[in-house]
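As provided, run_29.cif (mmCIF, C-alpha atoms and all ligand atoms) reads as follows.
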```cif
data_protein
loop_
_atom_site.group_PDB
_atom_site.id
_atom_site.type_symbol
_atom_site.label_atom_id
_atom_site.label_comp_id
_atom_site.auth_asym_id
_atom_site.auth_seq_id
_atom_site.Cartn_x
_atom_site.Cartn_y
_atom_site.Cartn_z
ATOM 1 C CA MET A 1 29.127 -9.184 -25.217
ATOM 2 C CA ASN A 2 30.344 -6.253 -23.139
ATOM 3 C CA THR A 3 31.595 -7.492 -19.758
ATOM 4 C CA ASP A 4 32.900 -4.047 -18.747
ATOM 5 C CA ALA A 5 29.732 -3.464 -16.790
ATOM 6 C CA ALA A 6 28.755 -3.246 -13.145
ATOM 7 C CA ILE A 7 25.475 -3.425 -11.254
ATOM 8 C CA VAL A 8 24.827 -1.637 -7.956
ATOM 9 C CA PHE A 9 21.701 -2.422 -5.961
ATOM 10 C CA GLY A 10 20.880 0.344 -3.469
ATOM 11 C CA ALA A 11 22.228 2.976 -5.837
ATOM 12 C CA THR A 12 20.877 5.979 -3.928
ATOM 13 C CA GLY A 13 22.218 4.942 -0.516
ATOM 14 C CA GLY A 14 25.330 6.506 1.000
ATOM 15 C CA ILE A 15 27.717 3.762 -0.101
ATOM 16 C CA GLY A 16 25.685 2.841 -3.208
ATOM 17 C CA ALA A 17 25.688 6.385 -4.619
ATOM 18 C CA ALA A 18 29.438 6.720 -3.995
ATOM 19 C CA LEU A 19 29.961 3.400 -5.800
ATOM 20 C CA ILE A 20 28.019 4.666 -8.811
ATOM 21 C CA ASN A 21 30.127 7.860 -8.920
ATOM 22 C CA ARG A 22 33.403 5.987 -8.650
ATOM 23 C CA LEU A 23 32.353 3.364 -11.219
ATOM 24 C CA LEU A 24 31.557 6.141 -13.692
ATOM 25 C CA GLN A 25 35.087 7.504 -13.188
ATOM 26 C CA HIS A 26 36.624 4.027 -13.571
ATOM 27 C CA ALA A 27 38.137 3.636 -17.040
ATOM 28 C CA SER A 28 37.475 -0.104 -17.144
ATOM 29 C CA TYR A 29 33.678 0.144 -16.788
ATOM 30 C CA ARG A 30 31.750 1.207 -19.882
ATOM 31 C CA THR A 31 28.290 0.585 -18.447
ATOM 32 C CA VAL A 32 27.021 1.088 -14.907
ATOM 33 C CA ILE A 33 23.538 -0.098 -13.948
ATOM 34 C CA GLY A 34 21.963 1.135 -10.718
ATOM 35 C CA PHE A 35 18.828 -0.092 -8.996
ATOM 36 C CA SER A 36 17.083 1.570 -6.085
ATOM 37 C CA ARG A 37 13.622 2.232 -4.760
ATOM 38 C CA ARG A 38 14.210 6.012 -5.024
ATOM 39 C CA PRO A 39 14.609 7.833 -8.343
ATOM 40 C CA CYS A 40 18.137 8.921 -9.190
ATOM 41 C CA SER A 41 18.838 12.637 -9.642
ATOM 42 C CA SER A 42 21.895 12.623 -11.919
ATOM 43 C CA LEU A 43 21.895 10.528 -15.083
ATOM 44 C CA CYS A 44 24.437 10.174 -17.906
ATOM 45 C CA ASP A 45 24.982 8.054 -21.033
ATOM 46 C CA ARG A 46 26.964 5.306 -19.314
ATOM 47 C CA LEU A 47 24.511 4.975 -16.431
ATOM 48 C CA GLY A 48 21.349 2.904 -16.666
ATOM 49 C CA TYR A 49 19.122 3.534 -13.703
ATOM 50 C CA TYR A 50 15.996 1.658 -12.618
ATOM 51 C CA THR A 51 13.668 1.693 -9.642
ATOM 52 C CA PHE A 52 12.258 -1.481 -8.139
ATOM 53 C CA ASP A 53 9.803 -2.473 -5.436
ATOM 54 C CA PRO A 54 11.866 -3.886 -2.539
ATOM 55 C CA GLN A 55 8.805 -5.632 -1.098
ATOM 56 C CA GLN A 56 8.371 -7.695 -4.261
ATOM 57 C CA PRO A 57 11.407 -7.394 -6.507
ATOM 58 C CA ASP A 58 10.229 -8.546 -9.935
ATOM 59 C CA GLN A 59 12.919 -10.976 -11.142
ATOM 60 C CA ALA A 60 11.938 -10.770 -14.816
ATOM 61 C CA ALA A 61 11.787 -6.960 -14.806
ATOM 62 C CA LEU A 62 15.208 -6.677 -13.131
ATOM 63 C CA ARG A 63 16.727 -9.038 -15.698
ATOM 64 C CA ALA A 64 15.039 -7.224 -18.575
ATOM 65 C CA SER A 65 16.516 -3.907 -17.361
ATOM 66 C CA ILE A 66 20.012 -5.422 -17.445
ATOM 67 C CA ASP A 67 19.397 -7.146 -20.810
ATOM 68 C CA ARG A 68 18.421 -3.796 -22.314
ATOM 69 C CA HIS A 69 22.109 -2.786 -22.118
ATOM 70 C CA GLY A 70 23.370 -5.888 -23.964
ATOM 71 C CA VAL A 71 25.947 -6.565 -21.260
ATOM 72 C CA THR A 72 27.146 -9.499 -19.140
ATOM 73 C CA PRO A 73 28.314 -7.634 -16.027
ATOM 74 C CA ARG A 74 31.527 -8.685 -14.286
ATOM 75 C CA THR A 75 30.817 -6.839 -11.033
ATOM 76 C CA VAL A 76 27.743 -6.768 -8.794
ATOM 77 C CA ILE A 77 27.529 -4.950 -5.482
ATOM 78 C CA VAL A 78 24.452 -5.267 -3.272
ATOM 79 C CA ALA A 79 24.446 -2.143 -1.092
ATOM 80 C CA THR A 80 20.898 -2.230 0.243
ATOM 81 C CA GLY A 81 20.314 -2.588 3.970
ATOM 82 C CA GLY A 82 19.218 -0.746 7.066
ATOM 83 C CA LEU A 83 19.173 -0.524 10.827
ATOM 84 C CA ASP A 84 16.191 1.671 11.613
ATOM 85 C CA GLY A 85 13.207 3.329 9.951
ATOM 86 C CA ASP A 86 10.549 1.524 7.881
ATOM 87 C CA GLY A 87 9.387 -0.388 10.974
ATOM 88 C CA MET A 88 12.898 -1.315 12.179
ATOM 89 C CA PHE A 89 14.501 -0.181 15.442
ATOM 90 C CA PRO A 90 18.038 -0.387 16.867
ATOM 91 C CA GLU A 91 16.689 -2.339 19.877
ATOM 92 C CA LYS A 92 18.909 -1.920 22.947
ATOM 93 C CA ASN A 93 17.118 -4.668 24.902
ATOM 94 C CA LEU A 94 14.516 -7.396 24.522
ATOM 95 C CA GLY A 95 11.784 -5.065 25.762
ATOM 96 C CA ARG A 96 12.096 -3.076 22.526
ATOM 97 C CA VAL A 97 11.958 -6.112 20.241
ATOM 98 C CA THR A 98 8.760 -6.798 18.313
ATOM 99 C CA ALA A 99 7.985 -9.513 15.806
ATOM 100 C CA GLN A 100 7.080 -6.847 13.237
ATOM 101 C CA SER A 101 10.407 -5.030 13.550
ATOM 102 C CA LEU A 102 12.322 -8.320 13.278
ATOM 103 C CA LEU A 103 10.362 -9.216 10.150
ATOM 104 C CA ALA A 104 11.082 -5.814 8.630
ATOM 105 C CA SER A 105 14.826 -6.273 9.301
ATOM 106 C CA PHE A 106 14.802 -9.784 7.843
ATOM 107 C CA ASN A 107 12.928 -8.637 4.747
ATOM 108 C CA LEU A 108 15.371 -5.848 4.050
ATOM 109 C CA ASN A 109 18.696 -7.293 5.192
ATOM 110 C CA ALA A 110 18.393 -11.037 4.597
ATOM 111 C CA ILE A 111 15.674 -11.774 2.043
ATOM 112 C CA LEU A 112 15.975 -8.839 -0.379
ATOM 113 C CA PRO A 113 19.715 -9.320 -1.160
ATOM 114 C CA LEU A 114 19.185 -13.025 -1.896
ATOM 115 C CA MET A 115 16.316 -12.178 -4.271
ATOM 116 C CA LEU A 116 18.426 -9.519 -6.002
ATOM 117 C CA VAL A 117 21.337 -11.897 -6.536
ATOM 118 C CA LYS A 118 18.893 -14.558 -7.751
ATOM 119 C CA ALA A 119 17.495 -12.113 -10.307
ATOM 120 C CA CYS A 120 20.809 -11.119 -11.845
ATOM 121 C CA LEU A 121 22.790 -14.416 -11.669
ATOM 122 C CA PRO A 122 21.622 -15.707 -15.089
ATOM 123 C CA VAL A 123 22.892 -12.615 -16.935
ATOM 124 C CA LEU A 124 26.335 -12.259 -15.339
ATOM 125 C CA LYS A 125 29.758 -13.065 -16.726
ATOM 126 C CA PRO A 126 30.422 -16.675 -15.599
ATOM 127 C CA ASP A 127 33.307 -15.629 -13.315
ATOM 128 C CA ALA A 128 31.778 -12.333 -12.143
ATOM 129 C CA ASN A 129 32.553 -10.981 -8.679
ATOM 130 C CA ILE A 130 29.517 -10.385 -6.462
ATOM 131 C CA LEU A 131 29.980 -8.395 -3.244
ATOM 132 C CA VAL A 132 27.052 -8.387 -0.840
ATOM 133 C CA LEU A 133 27.371 -5.768 1.885
ATOM 134 C CA SER A 134 26.900 -7.408 5.254
ATOM 135 C CA ALA A 135 28.098 -6.007 8.602
ATOM 136 C CA LYS A 136 30.580 -7.151 11.205
ATOM 137 C CA VAL A 137 27.795 -6.919 13.806
ATOM 138 C CA GLY A 138 26.246 -9.909 12.013
ATOM 139 C CA SER A 139 29.172 -12.007 13.269
ATOM 140 C CA ILE A 140 28.013 -14.243 16.135
ATOM 141 C CA ASP A 141 31.627 -14.728 17.269
ATOM 142 C CA ASP A 142 32.206 -10.995 17.400
ATOM 143 C CA ASN A 143 29.048 -10.124 19.376
ATOM 144 C CA ARG A 144 30.458 -8.697 22.594
ATOM 145 C CA TYR A 145 28.093 -5.802 23.279
ATOM 146 C CA GLY A 146 24.608 -7.138 22.425
ATOM 147 C CA GLY A 147 21.805 -4.837 21.286
ATOM 148 C CA TRP A 148 20.515 -4.229 17.745
ATOM 149 C CA TYR A 149 18.668 -7.561 17.716
ATOM 150 C CA GLY A 150 16.995 -7.147 14.345
ATOM 151 C CA TYR A 151 20.049 -5.808 12.520
ATOM 152 C CA ARG A 152 22.409 -8.403 13.994
ATOM 153 C CA MET A 153 20.014 -11.322 13.463
ATOM 154 C CA SER A 154 19.141 -10.328 9.902
ATOM 155 C CA LYS A 155 22.788 -9.834 8.881
ATOM 156 C CA SER A 156 23.637 -13.274 10.363
ATOM 157 C CA ALA A 157 20.750 -14.700 8.325
ATOM 158 C CA LEU A 158 22.047 -12.880 5.241
ATOM 159 C CA ASN A 159 25.438 -14.484 5.809
ATOM 160 C CA MET A 160 23.867 -17.942 6.090
ATOM 161 C CA GLY A 161 21.766 -17.457 2.934
ATOM 162 C CA MET A 162 24.719 -16.285 0.856
ATOM 163 C CA LYS A 163 27.059 -18.969 2.247
ATOM 164 C CA THR A 164 24.447 -21.557 1.216
ATOM 165 C CA LEU A 165 24.238 -20.033 -2.256
ATOM 166 C CA ALA A 166 28.039 -19.999 -2.515
ATOM 167 C CA ILE A 167 28.098 -23.762 -1.838
ATOM 168 C CA GLU A 168 25.454 -24.315 -4.516
ATOM 169 C CA LEU A 169 27.359 -22.179 -7.022
ATOM 170 C CA ALA A 170 30.629 -23.990 -6.315
ATOM 171 C CA ARG A 171 29.085 -27.197 -7.750
ATOM 172 C CA ARG A 172 29.123 -25.554 -11.184
ATOM 173 C CA LYS A 173 32.178 -25.859 -13.417
ATOM 174 C CA HIS A 174 32.312 -22.068 -13.804
ATOM 175 C CA HIS A 175 30.679 -19.841 -11.222
ATOM 176 C CA PRO A 176 30.716 -16.261 -9.973
ATOM 177 C CA ASN A 177 32.632 -15.447 -6.797
ATOM 178 C CA LEU A 178 30.227 -14.456 -4.025
ATOM 179 C CA LEU A 179 31.523 -12.618 -0.947
ATOM 180 C CA LEU A 180 29.901 -11.092 2.124
ATOM 181 C CA VAL A 181 31.702 -7.845 2.847
ATOM 182 C CA HIS A 182 31.841 -5.573 5.882
ATOM 183 C CA PRO A 183 32.460 -2.192 4.231
ATOM 184 C CA GLY A 184 33.942 -0.620 7.375
ATOM 185 C CA THR A 185 32.216 2.112 9.345
ATOM 186 C CA THR A 186 31.251 4.754 6.805
ATOM 187 C CA ARG A 187 29.534 8.092 7.359
ATOM 188 C CA THR A 188 26.104 7.672 5.748
ATOM 189 C CA GLU A 189 22.478 8.347 6.614
ATOM 190 C CA MET A 190 22.329 4.941 8.299
ATOM 191 C CA SER A 191 25.429 5.232 10.482
ATOM 192 C CA SER A 192 25.576 8.963 11.259
ATOM 193 C CA PRO A 193 23.367 8.843 14.395
ATOM 194 C CA TYR A 194 25.715 6.233 15.906
ATOM 195 C CA LEU A 195 29.099 7.845 15.180
ATOM 196 C CA HIS A 196 30.824 9.195 18.311
ATOM 197 C CA SER A 197 33.741 11.600 18.513
ATOM 198 C CA ASP A 198 36.151 8.673 18.965
ATOM 199 C CA THR A 199 34.632 6.458 16.210
ATOM 200 C CA TYR A 200 36.907 5.774 13.271
ATOM 201 C CA PHE A 201 34.912 6.054 10.055
ATOM 202 C CA ALA A 202 35.535 6.539 6.340
ATOM 203 C CA GLU A 203 33.706 8.852 3.966
ATOM 204 C CA PRO A 204 31.546 7.024 1.361
ATOM 205 C CA ASP A 205 33.985 7.764 -1.526
ATOM 206 C CA LYS A 206 36.827 6.122 0.385
ATOM 207 C CA THR A 207 34.679 3.072 1.115
ATOM 208 C CA ALA A 208 33.608 2.910 -2.545
ATOM 209 C CA ASP A 209 37.259 2.946 -3.656
ATOM 210 C CA ARG A 210 38.081 0.156 -1.217
ATOM 211 C CA LEU A 211 35.129 -1.955 -2.360
ATOM 212 C CA LEU A 212 36.008 -1.489 -6.034
ATOM 213 C CA GLU A 213 39.602 -2.480 -5.363
ATOM 214 C CA LEU A 214 38.271 -5.680 -3.783
ATOM 215 C CA ALA A 215 35.744 -6.218 -6.598
ATOM 216 C CA ASN A 216 38.516 -5.938 -9.189
ATOM 217 C CA SER A 217 40.857 -8.389 -7.505
ATOM 218 C CA GLU A 218 41.152 -12.163 -7.942
ATOM 219 C CA LEU A 219 38.467 -13.515 -5.610
ATOM 220 C CA ALA A 220 38.226 -17.228 -6.516
ATOM 221 C CA GLN A 221 39.990 -18.192 -3.257
ATOM 222 C CA LYS A 222 37.576 -16.046 -1.233
ATOM 223 C CA HIS A 223 34.338 -17.418 -2.701
ATOM 224 C CA GLY A 224 31.733 -17.880 0.065
ATOM 225 C CA GLN A 225 33.714 -15.981 2.702
ATOM 226 C CA PHE A 226 32.766 -13.175 5.093
ATOM 227 C CA VAL A 227 35.460 -10.509 4.810
ATOM 228 C CA HIS A 228 36.441 -6.946 5.660
ATOM 229 C CA TRP A 229 36.750 -4.454 2.785
ATOM 230 C CA ASP A 230 40.455 -5.344 2.552
ATOM 231 C CA GLY A 231 39.660 -9.035 1.982
ATOM 232 C CA SER A 232 40.712 -10.194 5.467
ATOM 233 C CA THR A 233 38.481 -12.879 6.986
ATOM 234 C CA ILE A 234 35.791 -12.173 9.605
ATOM 235 C CA ARG A 235 34.804 -15.076 11.855
ATOM 236 C CA TRP A 236 31.168 -16.089 11.390
HETATM 237 N N1 LIG B 1 27.605 2.788 6.823
HETATM 238 C C1 LIG B 1 28.220 1.904 7.593
HETATM 239 O O1 LIG B 1 29.006 2.265 8.509
HETATM 240 C C2 LIG B 1 28.015 0.427 7.397
HETATM 241 C C3 LIG B 1 28.712 -0.469 8.227
HETATM 242 C C4 LIG B 1 28.503 -1.826 8.047
HETATM 243 C C5 LIG B 1 27.668 -2.300 7.061
HETATM 244 N N2 LIG B 1 26.994 -1.391 6.259
HETATM 245 C C6 LIG B 1 26.096 -1.936 5.238
HETATM 246 O O2 LIG B 1 26.349 -1.304 3.990
HETATM 247 C C7 LIG B 1 25.127 -1.243 3.229
HETATM 248 C C8 LIG B 1 24.891 0.192 2.752
HETATM 249 O O3 LIG B 1 24.704 1.004 3.888
HETATM 250 P P1 LIG B 1 24.743 2.607 3.831
HETATM 251 O O4 LIG B 1 25.572 3.041 4.969
HETATM 252 O O5 LIG B 1 25.062 3.064 2.464
HETATM 253 O O6 LIG B 1 23.238 2.944 4.207
HETATM 254 P P2 LIG B 1 22.217 4.008 3.578
HETATM 255 O O7 LIG B 1 22.905 5.227 3.161
HETATM 256 O O8 LIG B 1 21.130 4.124 4.589
HETATM 257 O O9 LIG B 1 21.703 3.234 2.263
HETATM 258 C C9 LIG B 1 20.918 2.082 2.416
HETATM 259 C C10 LIG B 1 20.430 1.571 1.093
HETATM 260 O O10 LIG B 1 19.455 0.560 1.351
HETATM 261 C C11 LIG B 1 18.213 0.939 0.773
HETATM 262 N N3 LIG B 1 17.121 0.708 1.713
HETATM 263 C C12 LIG B 1 17.020 1.130 2.979
HETATM 264 N N4 LIG B 1 15.852 0.757 3.519
HETATM 265 C C13 LIG B 1 15.207 0.098 2.536
HETATM 266 C C14 LIG B 1 13.972 -0.562 2.480
HETATM 267 N N5 LIG B 1 13.135 -0.625 3.526
HETATM 268 N N6 LIG B 1 13.642 -1.159 1.327
HETATM 269 C C15 LIG B 1 14.472 -1.116 0.275
HETATM 270 N N7 LIG B 1 15.660 -0.514 0.256
HETATM 271 C C16 LIG B 1 16.023 0.079 1.389
HETATM 272 C C17 LIG B 1 18.296 2.425 0.542
HETATM 273 O O11 LIG B 1 17.426 2.738 -0.535
HETATM 274 P P3 LIG B 1 16.918 4.234 -0.765
HETATM 275 O O12 LIG B 1 18.112 4.984 -1.264
HETATM 276 O O13 LIG B 1 15.851 4.078 -1.780
HETATM 277 O O14 LIG B 1 16.441 4.721 0.593
HETATM 278 C C18 LIG B 1 19.749 2.608 0.227
HETATM 279 O O15 LIG B 1 19.972 2.304 -1.112
HETATM 280 C C19 LIG B 1 24.026 -1.791 4.137
HETATM 281 O O16 LIG B 1 23.827 -3.160 3.858
HETATM 282 C C20 LIG B 1 24.631 -1.661 5.527
HETATM 283 O O17 LIG B 1 24.087 -2.602 6.428
HETATM 284 C C21 LIG B 1 27.149 -0.046 6.397
#
```
Turn this file's structure into structure tokens for me.
Ligand SMILES: NC(=O)c1ccc[n+]([C@@H]2O[C@H](COP(=O)([O-])OP(=O)(O)OC[C@H]3O[C@@H](n4cnc5c(N)ncnc54)[C@H](OP(=O)(O)O)[C@@H]3O)[C@@H](O)[C@H]2O)c1
Amino acid sequence: MNTDAAIVFGATGGIGAALINRLLQHASYRTVIGFSRRPCSSLCDRLGYYTFDPQQPDQAALRASIDRHGVTPRTVIVATGGLDGDGMFPEKNLGRVTAQSLLASFNLNAILPLMLVKACLPVLKPDANILVLSAKVGSIDDNRYGGWYGYRMSKSALNMGMKTLAIELARRKHHPNLLLVHPGTTRTEMSSPYLHSDTYFAEPDKTADRLLELANSELAQKHGQFVHWDGSTIRW
């Protein structure tokens, strides 16, 4: 079985699309499988690309799409997520918070990634590396400025869900390594409105390179941790 394969969820996002490009340039990956809700514009032989419904990701259909390639992927990166749009707002204060916007943030940032990992777990290489993109603003310890209720709360919930899954996986003799990763501030559609002249940010290609370096390193000791792109620990 070919393990030289990678899966990217959120393949048409800023970081997700850069990951796909970099993976296709990476000599050690023969197959790259991308999933997104939007169709992909550029296809090639080594890229399998599938759309899915983020409201109700069909577990069997996702698995069947991966199975079609006859691979047991060694790398998975979940790069879906969002701060505003689709019923979500970057709420500056409680007055802006609504139950609907919180639910939309939780659906996208906390529930969807867990369902995506659930769907692909059975078809992965036993010691695969799974990186789930979280955000440092989901750290309760690090919350010094407030604001962004829905995004912060849903990323904290994502962290809790994945940490719980990591504990469950660790009971197996062989298990994939699951990490929550802050990719670093990156200029994408999501972040661009919030970048100021003094903000340090990376371009998506740079972030993709950093994430792939992490994904291709020995991560057994970091299983279940919340880390920066360079592997350094972030307090919960
Ligand atoms: N950029 C940063 O500075 C930064 C910093 C910290 C953490 N992150 C995290 O990194 C990840 C990628 O972010 P990005 O900067 O690449 O953002 P982006 O360019 O806005 O891409 C977001 C991705 O999420 C998908 N998505 C957005 N809303 C969705 C919805 N309602 N339902 C289903 N899918 C949806 C998008 O799908 P479509 O392509 O189909 O729209 C896209 O694939 C996110 O988890 C984000 O929280 C980013």
Task: Target residues per the PyMOL selection byres (((not hetatm)) within 6 of (chain B and resi 1)), formatted as a ChimeraX atom specification - done: /A:10-16,36-38,54,79-82,86,108,133-135,182-191
- Using the chain letters and numbers from the file, which residues does the PyMOL selection byres (((chain A and resi 164-174) around 7) and not hetatm) grab, as a ChimeraX atom specification? /A:126-127,160-163,175,178,223-224
Specify the axis-aligned box that encloses all atoms of range 23-30 of chain A listed in the file after padding of 8 Å on each side, stating its centre and edge lengths in Å to one decimal as JSON.
```
{"center_x": 34.8, "center_y": 3.7, "center_z": -15.6, "size_x": 22.6, "size_y": 23.6, "size_z": 24.7}
```
Just so the selection is clear, what residues does the PyMOL selection byres (((chain A and resi 62-68) around 9) and not hetatm) cover here, as a PyMOL selection string? chain A and resi 7+33+35+48-50+52+57-61+69-73+116+119-120+122-123
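With CA of Val132 in chain A on one side and CA of Pro113 in chain A on the other, the separation reads 7.4 Å.
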